[in-house]
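First comes the structure, then the notes that go with it.
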Amino acid sequence: CEAGATVSASASGVALETECIAPLELTGPDPIPVRAGMAVALTWKAAAASAGSLVRIKLDVSHHGGSKGEINCEVADTGAFDIPESLVTKLVGLGLAGFPTINLNRVAVGTDAKRPDVTLLLSSDVTRAVDTGVDSCLDPSECESGICLDGGTCG
C-alpha cells in the first residue's frame, strides 16, 4: 500500500481500518553505540504528521548469552528518541553478551468500536546491531585472543 492510503479488513461482524505506513528508515550511526553513562540517541525518517503511527523500540544487549534484561519503549513517530541514560546504564550493568541488537518497529493499529478485542496491525521492522564495546564471536578464530566465551564475546 502507499503511505497514507486507507487499509481495511473485514470479516463476520468486524470492520477494521487504519492508515498505511511508510517503511521505517533508520538514520544515524550503524552500529548504534550503547554505553553505560550515555543515552542512546535514535533517529529515523519520521512519518507524516497525520499518520498516527507509533514506534516500538526493543534494546537487548545480552540475548546471546541468555537474556538478562531489555528495554522496551513505545514512542511517538517523530523521527527521534533518546533512550534515557539511567535505563541504559542499568541495562548494561546487568551484563553484556555477543551480538547485541536494537529493533525498531513502526506500527499503525486499526480497531472496530464494536469489537475492541480485534485489531488490524500494520508494521515495518528494522533490526540493527549495537556497539557495546565488546567483540562478538561464534568461534575462537574470530578473536585476537583465540578465546570465544559462552556468551558470544571474545575473552
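Here's how to read the names in the C-alpha cells: chain A, B, ... by the order shown, residue numbers from 1 in each chain, ligand numbers from 1 in the order shown.
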Next on the checklist: DSSP on the backbone: which residues in stretch 54-150 of chain A end up as strand (DSSP E)? Give the answer as a VMD selection string.
Outcome noted: chain A and resid 54 to 60 71 to 76 80 to 83 101 to 112 115 to 131
Next on the checklist: If we count only C-alpha atoms and set the cut-off at 6 Å, which residues sit around stretch 48-62 of chain A, ignoring sequence neighbours fewer than 3 positions away in its own chain? Please answer as a PyMOL selection string.
Outcome noted: chain A and resi 65+67+70-77+96-97+100-108
Item to check | For A:Glu85: contacts at 9 Å, only C-alpha atoms, fewer than 3 positions along chain excluded, given as a ChimeraX atom specification | outcome: /A:35-40,82,88-90
Checklist entry - Which polymer residues have any atom within 12 Å of an atom of A:Ser12, counting only C-alpha atoms, with same-chain residues fewer than 6 positions away left out, as a PyMOL selection string? => result chain A and resi 114-115+118
Please produce a file of those selected residues containing C-alpha atoms, as a PDB file, in the first residue's frame.
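Written output follows (out16.pdb):
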ATOM      1  CA  LYS A 114     -17.932  -2.923  18.338  1.00  0.00           C
ATOM      2  CA  ARG A 115     -15.028  -5.397  18.741  1.00  0.00           C
ATOM      3  CA  VAL A 118      -9.814  -7.409  17.418  1.00  0.00           C
TER       4      VAL A 118
END
Checklist entry - Restricting the calculation to only C-alpha atoms, which member of A:Ala47, A:Ala9, A:Ala41, A:Leu94 is positioned closest to A:Phe81? => result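 Answer, going by the shortest atom-to-atom distance: A:Ala41.
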Checklist entry - Within 8 Å of stretch 149-154 of chain A, counting only C-alpha atoms, which residues qualify if same-chain residues fewer than 5 places away don't, as an NGL selection string? => result :A and (62 or 64-66 or 97-99 or 134-138 or 140 or 142-144)
Checklist entry - Interatomic distance between atom CA of A:Ala80 and atom CA of A:Asp131? => result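 Answer for the atom CA of A:Ala80 to atom CA of A:Asp131 separation: 19.0 Å.
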Item to check | Top pick for closest residue to A:Thr127, considering A:Lys45, A:Gly110, A:Ile83, A:Leu26 and counting only C-alpha atoms | outcome: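 For A:Thr127, the nearest of the candidates is A:Leu26.
The smallest atom-to-atom distance between A:Asp30 and any of A:Leu42, A:Leu120, A:Ile147, A:Val109, using only C-alpha atoms, is found for A:Leu42.
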Checklist entry - Between A:Ala46, A:Leu122, A:Ala11, A:Ala129, which one has atoms that come closest to A:Val34, using only C-alpha atoms? => result A:Ala129
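The space between atom CA of A:Ser124 and atom CA of A:Gly13 spans 27.8 Å.
You will find atom CA of A:Cys148 at 22.3 Å from atom CA of A:Arg128.
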Checklist entry - Do you know which residues are at most 6 Å from A:Ala3 counting only C-alpha atoms, after dropping those on the same chain fewer than 6 positions away, and could you put them as a ChimeraX atom specification? => result /A:20-22
Any chance you could export the current selection's C-alpha atoms as a CSV table (one decimal), in the first residue's frame?
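What ended up in part.csv:
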chain,number,residue,atom,x,y,z
A,20,CYS,CA,-0.9,2.6,5.5
A,21,ILE,CA,2.5,3.4,6.9
A,22,ALA,CA,5.8,4.2,5.1
